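Dumped data04.txt below, it's compact mmCIF, C-alpha atoms (C1' of nucleotides):
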# COMPACT_ATOMS: atom_id res chain seq x y z
CA MET A 7 8.33 -2.82 24.58
CA ALA A 8 6.33 -5.99 25.11
CA ASP A 9 3.90 -4.88 27.78
CA PRO A 10 0.39 -4.55 26.34
CA GLN A 11 -0.42 -1.56 28.53
CA ALA A 12 2.68 0.28 27.42
CA ARG A 13 2.08 -0.58 23.80
CA LEU A 14 -1.50 0.66 23.92
CA ALA A 15 -0.38 3.89 25.58
CA GLN A 16 2.29 4.32 22.95
CA MET A 17 -0.18 3.82 20.12
CA LEU A 18 -2.69 6.21 21.62
CA ALA A 19 -0.01 8.84 22.20
CA LYS A 20 1.10 8.60 18.58
CA LEU A 21 -2.45 8.95 17.31
CA LYS A 22 -3.15 11.90 19.56
CA ALA A 23 0.12 13.59 18.66
CA ARG A 24 -0.96 13.50 15.03
CA SER A 25 -4.52 14.47 15.99
CA PHE A 26 -6.19 11.34 14.76
CA ARG A 27 -9.42 10.61 16.54
CA ILE A 28 -9.73 7.90 19.10
CA THR A 29 -12.95 6.15 18.24
CA PRO A 30 -14.30 3.11 20.07
CA GLN A 31 -13.65 0.89 17.04
CA ARG A 32 -10.13 2.17 16.73
CA LEU A 33 -9.49 1.67 20.39
CA ALA A 34 -10.72 -1.90 20.08
CA VAL A 35 -8.32 -2.60 17.24
CA LEU A 36 -5.44 -1.05 19.14
CA GLN A 37 -6.19 -3.13 22.20
CA ILE A 38 -6.22 -6.33 20.20
CA LEU A 39 -2.96 -5.49 18.45
CA ALA A 40 -1.30 -4.39 21.66
CA ALA A 41 -2.34 -7.47 23.57
CA SER A 42 -2.25 -10.29 21.06
CA ARG A 43 0.89 -12.28 20.63
CA ALA A 44 -0.66 -14.36 17.86
CA HIS A 45 0.08 -12.00 14.97
CA PRO A 46 -3.58 -11.74 13.95
CA GLY A 47 -4.80 -11.21 10.43
CA VAL A 48 -7.45 -8.70 9.40
CA GLU A 49 -10.21 -11.27 9.66
CA ASP A 50 -9.09 -12.27 13.15
CA ILE A 51 -9.19 -8.67 14.30
CA TYR A 52 -12.53 -8.17 12.59
CA ALA A 53 -14.07 -11.15 14.36
CA GLU A 54 -12.77 -9.93 17.69
CA VAL A 55 -13.92 -6.34 17.29
CA LYS A 56 -17.38 -7.45 16.21
CA LYS A 57 -17.90 -9.06 19.59
CA THR A 58 -18.16 -5.60 21.15
CA PHE A 59 -19.16 -3.58 18.08
CA PRO A 60 -21.28 -5.85 15.92
CA THR A 61 -21.85 -3.27 13.19
CA THR A 62 -18.17 -2.75 12.52
CA SER A 63 -17.20 -2.94 8.89
CA LEU A 64 -14.25 -4.89 7.57
CA ALA A 65 -13.11 -1.73 5.84
CA THR A 66 -12.67 -0.09 9.20
CA ILE A 67 -10.24 -2.78 10.24
CA TYR A 68 -8.28 -2.38 7.02
CA LYS A 69 -8.21 1.38 7.40
CA THR A 70 -7.16 1.29 11.02
CA VAL A 71 -4.39 -1.18 10.37
CA ALA A 72 -3.19 0.91 7.42
CA LEU A 73 -3.14 3.97 9.63
CA LEU A 74 -1.13 2.19 12.30
CA LYS A 75 1.28 1.03 9.64
CA GLU A 76 1.64 4.62 8.45
CA ILE A 77 2.67 5.82 11.87
CA ASN A 78 4.90 2.79 12.42
CA GLU A 79 2.92 1.32 15.25
CA VAL A 80 2.27 -2.01 13.60
CA LEU A 81 4.33 -4.29 11.37
CA GLU A 82 2.72 -6.00 8.41
CA ILE A 83 3.93 -9.50 7.64
CA ARG A 84 2.83 -10.86 4.27
CA PHE A 85 2.47 -14.60 4.20
CA PHE A 86 1.36 -16.07 0.92
CA ASP A 87 -2.05 -14.64 0.13
CA SER A 88 -2.80 -12.54 3.17
CA SER A 89 -1.18 -10.44 5.84
CA ARG A 90 -0.72 -10.85 9.55
CA PHE A 91 0.10 -8.03 11.93
CA ASP A 92 2.49 -7.50 14.80
CA GLY A 93 1.53 -4.74 17.18
CA ASN A 94 4.02 -5.73 19.85
CA LYS A 95 7.22 -5.11 17.99
CA PRO A 96 6.39 -2.69 15.17
CA TYR A 97 9.81 -2.83 13.60
CA PRO A 98 11.46 -5.37 11.28
CA HIS A 99 12.30 -8.64 12.97
CA PRO A 100 12.22 -12.32 12.03
CA HIS A 101 9.11 -14.48 12.09
CA ILE A 102 8.54 -18.17 11.89
CA LEU A 103 5.30 -19.65 10.57
CA CYS A 104 4.02 -23.14 11.15
CA LEU A 105 2.74 -24.43 7.83
CA HIS A 106 0.45 -26.86 9.63
CA CYS A 107 -1.30 -24.88 12.37
CA GLY A 108 -0.59 -21.33 11.20
CA ALA A 109 1.09 -20.23 14.42
CA VAL A 110 3.55 -17.37 14.09
CA LEU A 111 6.37 -16.86 16.56
CA ASP A 112 9.11 -14.29 16.99
CA PRO A 113 12.31 -16.26 17.30
CA GLU A 114 15.03 -14.50 19.22
CA LEU A 115 17.90 -14.34 16.72
CA PRO A 116 20.96 -12.41 17.83
CA GLY A 117 22.56 -13.12 14.46
CA VAL A 118 20.14 -10.86 12.58
CA GLU A 119 21.98 -7.60 13.02
CA ALA A 120 25.18 -9.09 11.70
CA LEU A 121 23.34 -10.52 8.71
CA VAL A 122 21.81 -7.17 7.82
CA ALA A 123 25.21 -5.55 8.09
CA GLU A 124 26.68 -8.30 5.94
CA ALA A 125 23.99 -7.77 3.31
CA ALA A 126 24.63 -4.03 3.23
CA ALA A 127 28.39 -4.46 3.03
CA ARG A 128 28.35 -7.07 0.29
CA SER A 129 25.67 -5.48 -1.88
CA GLY A 130 26.56 -1.83 -1.46
CA PHE A 131 22.91 -1.17 -0.66
CA GLN A 132 21.69 1.22 1.97
CA ILE A 133 19.27 -1.12 3.73
CA VAL A 134 16.19 0.41 5.28
CA ASP A 135 13.96 -2.60 5.86
CA HIS A 136 13.89 -6.36 5.79
CA ARG A 137 11.61 -9.36 6.08
CA LEU A 138 13.13 -12.51 7.48
CA ASN A 139 10.59 -15.30 7.45
CA PHE A 140 11.05 -18.96 8.20
CA PHE A 141 8.57 -21.70 7.43
CA GLY A 142 8.22 -25.17 8.86
CA LEU A 143 6.54 -27.22 11.53
CA CYS A 144 6.27 -26.13 15.13
CA SER A 145 7.22 -28.57 17.86
CA ASP A 146 3.58 -29.52 18.48
CA CYS A 147 2.82 -30.19 14.84
CA GLN A 148 5.93 -32.31 14.42
CA LYS A 149 4.42 -34.83 16.79
CA THR A 150 1.24 -35.41 14.82
CA MET B 30 24.39 -23.81 -11.16
CA ALA B 31 24.51 -20.34 -12.64
CA ASP B 32 25.23 -21.12 -16.29
CA PRO B 33 22.14 -20.40 -18.42
CA GLN B 34 22.83 -23.37 -20.70
CA ALA B 35 23.08 -25.75 -17.79
CA ARG B 36 19.98 -24.32 -16.16
CA LEU B 37 17.96 -24.65 -19.34
CA ALA B 38 19.14 -28.24 -19.78
CA GLN B 39 18.23 -29.00 -16.20
CA MET B 40 14.74 -27.54 -16.59
CA LEU B 41 14.16 -29.42 -19.82
CA ALA B 42 15.38 -32.65 -18.27
CA LYS B 43 13.02 -32.25 -15.34
CA LEU B 44 10.06 -31.57 -17.60
CA LYS B 45 10.86 -34.54 -19.82
CA ALA B 46 11.42 -36.82 -16.84
CA ARG B 47 7.89 -36.02 -15.71
CA SER B 48 6.64 -36.25 -19.30
CA PHE B 49 5.51 -32.66 -19.61
CA ARG B 50 5.56 -31.43 -23.16
CA ILE B 51 8.14 -29.05 -24.45
CA THR B 52 6.17 -26.51 -26.40
CA PRO B 53 7.63 -23.48 -28.11
CA GLN B 54 5.95 -21.14 -25.61
CA ARG B 55 7.23 -23.15 -22.69
CA LEU B 56 10.69 -23.25 -24.12
CA ALA B 57 10.63 -19.49 -24.49
CA VAL B 58 9.69 -19.05 -20.84
CA LEU B 59 12.39 -21.47 -19.74
CA GLN B 60 15.01 -19.68 -21.76
CA ILE B 61 14.11 -16.35 -20.25
CA LEU B 62 14.14 -17.71 -16.72
CA ALA B 63 17.38 -19.58 -17.26
CA ALA B 64 19.14 -16.62 -18.79
CA SER B 65 17.81 -13.59 -16.94
CA ARG B 66 19.56 -12.41 -13.85
CA ALA B 67 16.99 -9.68 -13.30
CA HIS B 68 14.41 -11.76 -11.41
CA PRO B 69 11.65 -10.98 -13.90
CA GLY B 70 7.99 -10.76 -13.03
CA VAL B 71 5.16 -12.38 -14.96
CA GLU B 72 4.58 -9.28 -17.04
CA ASP B 73 8.26 -9.05 -17.91
CA ILE B 74 8.29 -12.63 -19.12
CA TYR B 75 5.03 -12.06 -20.98
CA ALA B 76 6.41 -9.05 -22.83
CA GLU B 77 9.53 -10.97 -23.77
CA VAL B 78 7.73 -14.09 -24.98
CA LYS B 79 5.33 -12.03 -27.07
CA LYS B 80 8.23 -10.81 -29.16
CA THR B 81 8.56 -14.26 -30.69
CA PHE B 82 5.03 -15.56 -30.08
CA PRO B 83 2.70 -12.59 -30.33
CA THR B 84 -0.45 -14.58 -29.65
CA THR B 85 0.75 -15.89 -26.33
CA SER B 86 -1.66 -15.45 -23.45
CA LEU B 87 -0.75 -14.13 -20.04
CA ALA B 88 -2.36 -17.22 -18.56
CA THR B 89 0.21 -19.36 -20.31
CA ILE B 90 2.98 -17.51 -18.52
CA TYR B 91 1.26 -17.96 -15.20
CA LYS B 92 0.72 -21.66 -15.84
CA THR B 93 4.27 -22.27 -16.99
CA VAL B 94 5.73 -20.48 -14.02
CA ALA B 95 3.40 -22.39 -11.68
CA LEU B 96 4.51 -25.64 -13.27
CA LEU B 97 8.16 -24.77 -12.84
CA LYS B 98 7.51 -23.91 -9.25
CA GLU B 99 5.85 -27.30 -8.77
CA ILE B 100 8.91 -29.13 -9.96
CA ASN B 101 11.24 -26.84 -8.01
CA GLU B 102 12.90 -25.29 -11.01
CA VAL B 103 12.01 -21.72 -10.19
CA LEU B 104 11.79 -19.74 -6.96
CA GLU B 105 8.94 -17.33 -6.41
CA ILE B 106 9.77 -14.15 -4.52
CA ARG B 107 6.80 -12.13 -3.38
CA PHE B 108 7.47 -8.43 -3.18
CA PHE B 109 4.56 -6.29 -2.09
CA ASP B 110 1.80 -6.73 -4.64
CA SER B 111 3.38 -9.00 -7.21
CA SER B 112 5.91 -11.75 -7.62
CA ARG B 113 9.30 -11.98 -9.24
CA PHE B 114 10.98 -15.19 -10.25
CA ASP B 115 14.43 -16.65 -9.93
CA GLY B 116 15.24 -19.38 -12.42
CA ASN B 117 18.93 -19.38 -11.71
CA LYS B 118 18.90 -20.53 -8.13
CA PRO B 119 15.58 -22.28 -7.59
CA TYR B 120 16.09 -22.81 -3.87
CA PRO B 121 15.65 -20.46 -0.90
CA HIS B 122 18.26 -17.74 -0.71
CA PRO B 123 18.34 -14.05 0.24
CA HIS B 124 17.32 -11.23 -2.07
CA ILE B 125 17.78 -7.51 -1.92
CA LEU B 126 15.41 -5.13 -3.66
CA CYS B 127 16.09 -1.53 -4.57
CA LEU B 128 13.01 0.47 -3.63
CA HIS B 129 13.93 3.14 -6.17
CA CYS B 130 14.78 1.28 -9.39
CA GLY B 131 13.31 -2.12 -8.64
CA ALA B 132 16.54 -4.04 -9.16
CA VAL B 133 16.82 -7.34 -7.35
CA LEU B 134 20.17 -8.87 -6.47
CA ASP B 135 21.29 -12.07 -4.80
CA PRO B 136 23.68 -11.00 -2.08
CA GLU B 137 26.23 -13.61 -1.13
CA LEU B 138 25.59 -14.14 2.59
CA PRO B 139 27.59 -16.90 4.25
CA GLY B 140 25.81 -16.15 7.51
CA VAL B 141 22.47 -17.47 6.28
CA GLU B 142 22.98 -21.12 7.10
CA ALA B 143 23.91 -20.30 10.66
CA LEU B 144 20.86 -18.08 11.00
CA VAL B 145 18.51 -20.80 9.76
CA ALA B 146 20.08 -23.22 12.20
CA GLU B 147 19.76 -20.68 14.96
CA ALA B 148 16.08 -20.15 14.14
CA ALA B 149 15.42 -23.90 14.21
CA ALA B 150 17.28 -24.39 17.46
CA ARG B 151 15.65 -21.51 19.29
CA SER B 152 12.11 -22.08 18.08
CA GLY B 153 12.02 -25.86 18.09
CA PHE B 154 10.63 -25.70 14.55
CA GLN B 155 11.60 -28.05 11.79
CA ILE B 156 12.38 -25.45 9.14
CA VAL B 157 11.69 -26.36 5.54
CA ASP B 158 11.78 -23.00 3.78
CA HIS B 159 12.61 -19.36 4.27
CA ARG B 160 12.41 -15.96 2.64
CA LEU B 161 15.11 -13.50 3.55
CA ASN B 162 14.48 -10.19 1.83
CA PHE B 163 16.24 -6.88 2.30
CA PHE B 164 15.01 -3.53 1.03
CA GLY B 165 16.86 -0.32 0.42
CA LEU B 166 18.70 1.73 -2.15
CA CYS B 167 21.26 0.26 -4.50
CA SER B 168 24.58 2.00 -4.91
CA ASP B 169 23.46 3.73 -8.12
CA CYS B 170 20.24 5.05 -6.64
CA GLN B 171 22.00 6.36 -3.54
CA LYS B 172 23.80 8.88 -5.73
CA THR B 173 20.69 10.48 -7.23
C1' DT C 11 -1.58 -40.03 -41.06
C1' DA C 12 -5.02 -40.56 -37.40
C1' DT C 13 -5.84 -40.62 -32.67
C1' DT C 14 -5.61 -38.87 -28.00
C1' DA C 15 -4.42 -36.26 -24.53
C1' DA C 16 -2.02 -32.32 -23.04
C1' DT C 17 -1.45 -27.52 -23.71
C1' DA C 18 -2.50 -22.76 -25.51
C1' DA C 19 -5.52 -19.04 -25.92
C1' DA C 20 -9.28 -16.33 -24.50
C1' DT C 21 -11.85 -14.93 -21.08
C1' DA C 22 -14.52 -15.33 -16.81
C1' DA C 23 -14.17 -15.84 -11.88
C1' DT C 24 -11.94 -15.16 -7.39
C1' DC C 25 -10.53 -12.85 -3.53
C1' DA C 26 -7.73 -9.85 -0.73
C1' DT C 27 -7.41 -5.18 -0.57
C1' DT C 28 -8.63 -0.32 -1.75
C1' DA C 29 -11.66 3.37 -3.02
C1' DT C 30 -15.96 5.78 -2.94
C1' DC C 31 -19.84 7.72 -1.01
C1' DT C 32 -23.17 8.62 2.51
C1' DT C 33 -24.04 8.66 7.37
C1' DT C 34 -22.43 9.11 12.01
C1' DA C 35 -20.07 10.88 15.75
C1' DA C 36 -15.44 12.93 17.85
C1' DA C 37 -13.59 17.05 19.15
C1' DA C 38 -13.45 22.13 19.07
C1' DA C 39 -15.85 26.35 19.49
C1' DT C 40 -19.62 28.87 21.10
C1' DA D 17 -24.43 21.83 27.06
C1' DT D 18 -25.22 22.80 22.10
C1' DT D 19 -23.67 23.60 17.80
C1' DT D 20 -20.38 23.21 14.23
C1' DT D 21 -16.89 21.12 11.76
C1' DT D 22 -14.75 17.45 9.81
C1' DA D 23 -12.63 12.96 10.36
C1' DA D 24 -14.08 8.42 10.64
C1' DA D 25 -17.51 4.54 10.25
C1' DG D 26 -20.29 1.71 7.53
C1' DA D 27 -21.81 -0.20 3.25
C1' DT D 28 -20.66 -1.43 -0.94
C1' DA D 29 -18.40 -0.98 -5.47
C1' DA D 30 -14.00 -1.19 -7.79
C1' DT D 31 -9.34 -2.92 -8.53
C1' DG D 32 -5.91 -5.95 -9.90
C1' DA D 33 -3.06 -9.93 -9.48
C1' DT D 34 -3.86 -14.56 -9.88
C1' DT D 35 -6.63 -18.78 -10.88
C1' DA D 36 -10.14 -21.39 -13.13
C1' DT D 37 -12.76 -22.63 -17.09
C1' DT D 38 -13.80 -23.61 -21.70
C1' DT D 39 -12.70 -24.34 -26.37
C1' DA D 40 -9.35 -24.79 -29.95
C1' DT D 41 -4.54 -26.40 -31.08
C1' DT D 42 -0.91 -29.17 -31.36
C1' DA D 43 2.62 -32.46 -29.63
C1' DA D 44 3.45 -37.32 -29.03
C1' DT D 45 2.25 -42.07 -29.98
C1' DA D 46 0.17 -45.86 -32.60
This structure in structure tokens:
Amino acid sequence: MADPQARLAQMLAKLKARSFRITPQRLAVLQILAASRAHPGVEDIYAEVKKTFPTTSLATIYKTVALLKEINEVLEIRFFDSSRFDGNKPYPHPHILCLHCGAVLDPELPGVEALVAEAAARSGFQIVDHRLNFFGLCSDCQKT
Amino acid sequence: MADPQARLAQMLAKLKARSFRITPQRLAVLQILAASRAHPGVEDIYAEVKKTFPTTSLATIYKTVALLKEINEVLEIRFFDSSRFDGNKPYPHPHILCLHCGAVLDPELPGVEALVAEAAARSGFQIVDHRLNFFGLCSDCQKT
DNA sequence: TATTAATAAATAATCATTATCTTTAAAAAT
DNA sequence: ATTTTTAAAGATAATGATTATTTATTAATA
């Protein structure tokens, strides 16, 4: 589930299955989310889409992203004052943000499942979602 | 570091050390944050403070909480559209939110340290902070 | 007690996000 | 293909949590 082609196909299938229309602007947003590994924010997507569709409105980006969130094809990650989006792995998983350059990575953390189970066991909660975010300096930014 | 008295004393000491004034409104906010285990939001604190100081402004709550955050005596936890605050353990630790009743607990998770270390090791980041939040239904709300 | 500097109160401004409203254009039917 | 229907796009106003500003109080020091 990391291949951009497969992700795009998956997103399109989900939209079609629920009879949402595939518009050029929507397709553009899907392509960006399926391909980008940078966890773009709304403004990033907006800037990118405008290259091909200059009249696109910011509201369209917000609405498309909200729709994709609805159908569980994108994961919203709230950092401080704005959100970033993960279209590659649209399910809860950890993220790590560089406070200096803003890069967001998906660390591979095998320990996560155990931690979620531990949280459920100790709290008595039925856990349905989680956000595991780490903050610091990436290896590049540590050098400067 | 869970005794309300001790927490209040600690907060007061920190404020005095940095020569911030101890005003009645500030003291009221500190007391609430030191004593409450409910992870109150700004509006909760506001409502509580107004019982003793009816003319208090919401801005005063925001400013006091921001000040306490500055001096690391309160932890801000951002849930969806607003923040809740933890004055008992003002350092990063996991939280679990009930999506039905809004309760927030601090689950005891010994696995956290290992996970942070794992994230640092695998990503190459120097990690300085984290937010580990779980969402679900508390044991009471599972019954209904 | 007077002075001064920080803080409180009141309220305006900000800004990400959402809602509204009109226009446009997908998709289905003819 | 053309028409019809209706969701979606575009433009812009509204919302709401938070922050900034401005004036009035009040705590701390001389």
Would you mind listing, for every residue of chain B within 8 Å of chain D, the two atoms forming the shortest contact and the distance between them in Å to one decimal, using only C-alpha atoms (C1' of nucleotides), sorted by chain and ascending residue number, as a Markdown table?
| residue | atom | partner | partner_atom | distance |
| --- | --- | --- | --- | --- |
| B:Arg50 | CA | D:DA43 | C1' | 7.2 |
| B:Thr52 | CA | D:DA43 | C1' | 7.6 |
| B:Asp110 | CA | D:DA33 | C1' | 7.6 |
| B:Ser111 | CA | D:DA33 | C1' | 6.9 |
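Near chain B, the residues of chain A that fall inside 6 Å (using only C-alpha atoms) are Pro113, Ser129, Gly130, Phe131, Gln132, Ile133, Val134, Asp135, His136, Arg137, Leu138, Asn139, Phe140, Phe141, Gly142, Leu143, Cys144 and Ser145 of chain A.
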Superposition output for chain A against chain B, all Cα paired in order, as an mmCIF file with C-alpha atoms, keeping the file's coordinate frame:
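This is the output file selection_21.cif:
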data_model
loop_
_atom_site.group_PDB
_atom_site.id
_atom_site.type_symbol
_atom_site.label_atom_id
_atom_site.label_comp_id
_atom_site.auth_asym_id
_atom_site.auth_seq_id
_atom_site.Cartn_x
_atom_site.Cartn_y
_atom_site.Cartn_z
ATOM 1 C CA MET A 7 24.374 -23.856 -11.167
ATOM 2 C CA ALA A 8 24.552 -20.390 -12.679
ATOM 3 C CA ASP A 9 25.234 -21.210 -16.302
ATOM 4 C CA PRO A 10 22.167 -20.481 -18.439
ATOM 5 C CA GLN A 11 22.830 -23.442 -20.717
ATOM 6 C CA ALA A 12 23.062 -25.823 -17.801
ATOM 7 C CA ARG A 13 19.981 -24.379 -16.179
ATOM 8 C CA LEU A 14 17.942 -24.710 -19.357
ATOM 9 C CA ALA A 15 19.102 -28.304 -19.787
ATOM 10 C CA GLN A 16 18.203 -29.027 -16.196
ATOM 11 C CA MET A 17 14.726 -27.575 -16.597
ATOM 12 C CA LEU A 18 14.094 -29.453 -19.812
ATOM 13 C CA ALA A 19 15.310 -32.710 -18.282
ATOM 14 C CA LYS A 20 12.957 -32.280 -15.337
ATOM 15 C CA LEU A 21 10.005 -31.583 -17.603
ATOM 16 C CA LYS A 22 10.783 -34.539 -19.818
ATOM 17 C CA ALA A 23 11.311 -36.845 -16.858
ATOM 18 C CA ARG A 24 7.790 -36.022 -15.729
ATOM 19 C CA SER A 25 6.518 -36.209 -19.319
ATOM 20 C CA PHE A 26 5.407 -32.633 -19.592
ATOM 21 C CA ARG A 27 5.391 -31.373 -23.134
ATOM 22 C CA ILE A 28 7.996 -29.027 -24.439
ATOM 23 C CA THR A 29 6.059 -26.446 -26.378
ATOM 24 C CA PRO A 30 7.609 -23.433 -28.090
ATOM 25 C CA GLN A 31 5.986 -21.064 -25.583
ATOM 26 C CA ARG A 32 7.227 -23.115 -22.688
ATOM 27 C CA LEU A 33 10.690 -23.267 -24.116
ATOM 28 C CA ALA A 34 10.668 -19.496 -24.477
ATOM 29 C CA VAL A 35 9.732 -19.040 -20.839
ATOM 30 C CA LEU A 36 12.399 -21.481 -19.728
ATOM 31 C CA GLN A 37 15.037 -19.698 -21.756
ATOM 32 C CA ILE A 38 14.150 -16.355 -20.245
ATOM 33 C CA LEU A 39 14.179 -17.732 -16.710
ATOM 34 C CA ALA A 40 17.407 -19.613 -17.265
ATOM 35 C CA ALA A 41 19.192 -16.647 -18.762
ATOM 36 C CA SER A 42 17.855 -13.633 -16.922
ATOM 37 C CA ARG A 43 19.594 -12.433 -13.833
ATOM 38 C CA ALA A 44 17.022 -9.694 -13.299
ATOM 39 C CA HIS A 45 14.451 -11.767 -11.411
ATOM 40 C CA PRO A 46 11.669 -10.989 -13.893
ATOM 41 C CA GLY A 47 8.017 -10.741 -13.024
ATOM 42 C CA VAL A 48 5.200 -12.371 -14.972
ATOM 43 C CA GLU A 49 4.620 -9.261 -17.041
ATOM 44 C CA ASP A 50 8.311 -9.028 -17.913
ATOM 45 C CA ILE A 51 8.334 -12.612 -19.115
ATOM 46 C CA TYR A 52 5.091 -12.053 -20.985
ATOM 47 C CA ALA A 53 6.480 -9.044 -22.829
ATOM 48 C CA GLU A 54 9.593 -10.968 -23.763
ATOM 49 C CA VAL A 55 7.804 -14.084 -24.971
ATOM 50 C CA LYS A 56 5.408 -12.031 -27.071
ATOM 51 C CA LYS A 57 8.314 -10.797 -29.150
ATOM 52 C CA THR A 58 8.627 -14.261 -30.691
ATOM 53 C CA PHE A 59 5.097 -15.557 -30.089
ATOM 54 C CA PRO A 60 2.780 -12.577 -30.335
ATOM 55 C CA THR A 61 -0.385 -14.561 -29.643
ATOM 56 C CA THR A 62 0.826 -15.873 -26.315
ATOM 57 C CA SER A 63 -1.619 -15.455 -23.486
ATOM 58 C CA LEU A 64 -0.719 -14.131 -20.068
ATOM 59 C CA ALA A 65 -2.324 -17.221 -18.600
ATOM 60 C CA THR A 66 0.271 -19.341 -20.314
ATOM 61 C CA ILE A 67 3.026 -17.486 -18.528
ATOM 62 C CA TYR A 68 1.284 -17.931 -15.191
ATOM 63 C CA LYS A 69 0.722 -21.610 -15.849
ATOM 64 C CA THR A 70 4.264 -22.252 -16.972
ATOM 65 C CA VAL A 71 5.748 -20.471 -14.002
ATOM 66 C CA ALA A 72 3.429 -22.389 -11.667
ATOM 67 C CA LEU A 73 4.533 -25.629 -13.258
ATOM 68 C CA LEU A 74 8.194 -24.758 -12.840
ATOM 69 C CA LYS A 75 7.522 -23.886 -9.232
ATOM 70 C CA GLU A 76 5.858 -27.269 -8.761
ATOM 71 C CA ILE A 77 8.912 -29.119 -9.964
ATOM 72 C CA ASN A 78 11.243 -26.824 -8.026
ATOM 73 C CA GLU A 79 12.913 -25.296 -11.021
ATOM 74 C CA VAL A 80 12.027 -21.723 -10.196
ATOM 75 C CA LEU A 81 11.801 -19.745 -6.963
ATOM 76 C CA GLU A 82 8.951 -17.323 -6.422
ATOM 77 C CA ILE A 83 9.786 -14.156 -4.531
ATOM 78 C CA ARG A 84 6.776 -12.141 -3.391
ATOM 79 C CA PHE A 85 7.439 -8.451 -3.146
ATOM 80 C CA PHE A 86 4.525 -6.340 -2.049
ATOM 81 C CA ASP A 87 1.778 -6.777 -4.610
ATOM 82 C CA SER A 88 3.388 -9.007 -7.189
ATOM 83 C CA SER A 89 5.909 -11.769 -7.614
ATOM 84 C CA ARG A 90 9.299 -11.970 -9.230
ATOM 85 C CA PHE A 91 10.996 -15.190 -10.249
ATOM 86 C CA ASP A 92 14.458 -16.658 -9.940
ATOM 87 C CA GLY A 93 15.256 -19.385 -12.415
ATOM 88 C CA ASN A 94 18.972 -19.390 -11.709
ATOM 89 C CA LYS A 95 18.933 -20.526 -8.132
ATOM 90 C CA PRO A 96 15.599 -22.281 -7.582
ATOM 91 C CA TYR A 97 16.096 -22.779 -3.883
ATOM 92 C CA PRO A 98 15.648 -20.439 -0.902
ATOM 93 C CA HIS A 99 18.262 -17.723 -0.705
ATOM 94 C CA PRO A 100 18.338 -14.045 0.243
ATOM 95 C CA HIS A 101 17.315 -11.217 -2.058
ATOM 96 C CA ILE A 102 17.751 -7.506 -1.920
ATOM 97 C CA LEU A 103 15.360 -5.120 -3.657
ATOM 98 C CA CYS A 104 16.026 -1.529 -4.561
ATOM 99 C CA LEU A 105 12.948 0.456 -3.607
ATOM 100 C CA HIS A 106 13.843 3.117 -6.158
ATOM 101 C CA CYS A 107 14.721 1.285 -9.377
ATOM 102 C CA GLY A 108 13.262 -2.147 -8.625
ATOM 103 C CA ALA A 109 16.509 -4.034 -9.169
ATOM 104 C CA VAL A 110 16.808 -7.341 -7.348
ATOM 105 C CA LEU A 111 20.165 -8.842 -6.461
ATOM 106 C CA ASP A 112 21.303 -12.037 -4.790
ATOM 107 C CA PRO A 113 23.678 -10.967 -2.064
ATOM 108 C CA GLU A 114 26.229 -13.574 -1.123
ATOM 109 C CA LEU A 115 25.604 -14.104 2.597
ATOM 110 C CA PRO A 116 27.622 -16.851 4.242
ATOM 111 C CA GLY A 117 25.840 -16.121 7.515
ATOM 112 C CA VAL A 118 22.503 -17.456 6.259
ATOM 113 C CA GLU A 119 23.020 -21.096 7.091
ATOM 114 C CA ALA A 120 23.936 -20.275 10.653
ATOM 115 C CA LEU A 121 20.876 -18.061 10.983
ATOM 116 C CA VAL A 122 18.547 -20.790 9.766
ATOM 117 C CA ALA A 123 20.122 -23.213 12.196
ATOM 118 C CA GLU A 124 19.772 -20.651 14.962
ATOM 119 C CA ALA A 125 16.098 -20.160 14.131
ATOM 120 C CA ALA A 126 15.455 -23.899 14.199
ATOM 121 C CA ALA A 127 17.324 -24.379 17.460
ATOM 122 C CA ARG A 128 15.680 -21.505 19.292
ATOM 123 C CA SER A 129 12.132 -22.095 18.072
ATOM 124 C CA GLY A 130 12.051 -25.874 18.081
ATOM 125 C CA PHE A 131 10.676 -25.720 14.548
ATOM 126 C CA GLN A 132 11.637 -28.061 11.770
ATOM 127 C CA ILE A 133 12.410 -25.450 9.122
ATOM 128 C CA VAL A 134 11.735 -26.369 5.526
ATOM 129 C CA ASP A 135 11.797 -23.007 3.776
ATOM 130 C CA HIS A 136 12.614 -19.368 4.263
ATOM 131 C CA ARG A 137 12.409 -15.965 2.630
ATOM 132 C CA LEU A 138 15.105 -13.492 3.531
ATOM 133 C CA ASN A 139 14.453 -10.187 1.833
ATOM 134 C CA PHE A 140 16.193 -6.880 2.290
ATOM 135 C CA PHE A 141 14.949 -3.541 1.043
ATOM 136 C CA GLY A 142 16.788 -0.307 0.432
ATOM 137 C CA LEU A 143 18.620 1.726 -2.149
ATOM 138 C CA CYS A 144 21.182 0.276 -4.506
ATOM 139 C CA SER A 145 24.508 2.032 -4.905
ATOM 140 C CA ASP A 146 23.380 3.755 -8.114
ATOM 141 C CA CYS A 147 20.155 5.058 -6.638
ATOM 142 C CA GLN A 148 21.919 6.389 -3.563
ATOM 143 C CA LYS A 149 23.706 8.871 -5.775
ATOM 144 C CA THR A 150 20.592 10.463 -7.225
#
Enumerate as a list in words the residues belonging to chain B that approach chain C to within 9 Å, with only C-alpha atoms (C1' of nucleotides) taken into account.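 That gives Phe49, Arg50, Thr52, Gln54, Thr84, Thr85, Ser86, Ala88 and Thr89 of chain B for chain B.
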How far is it from CA of Lys69 (chain A) to CA of Glu105 (chain B), in Å with one decimal? 28.9 Å
Within-8 Å shell of (2.5, -6.6, 18.0) in input frame, only C-alpha atoms (C1' of nucleotides), as a list in words: Leu39, Ala40, Ala41, Ser42, Arg43, His45, Val80, Leu81, Phe91, Asp92, Gly93, Asn94, Lys95 and Pro96 of chain A
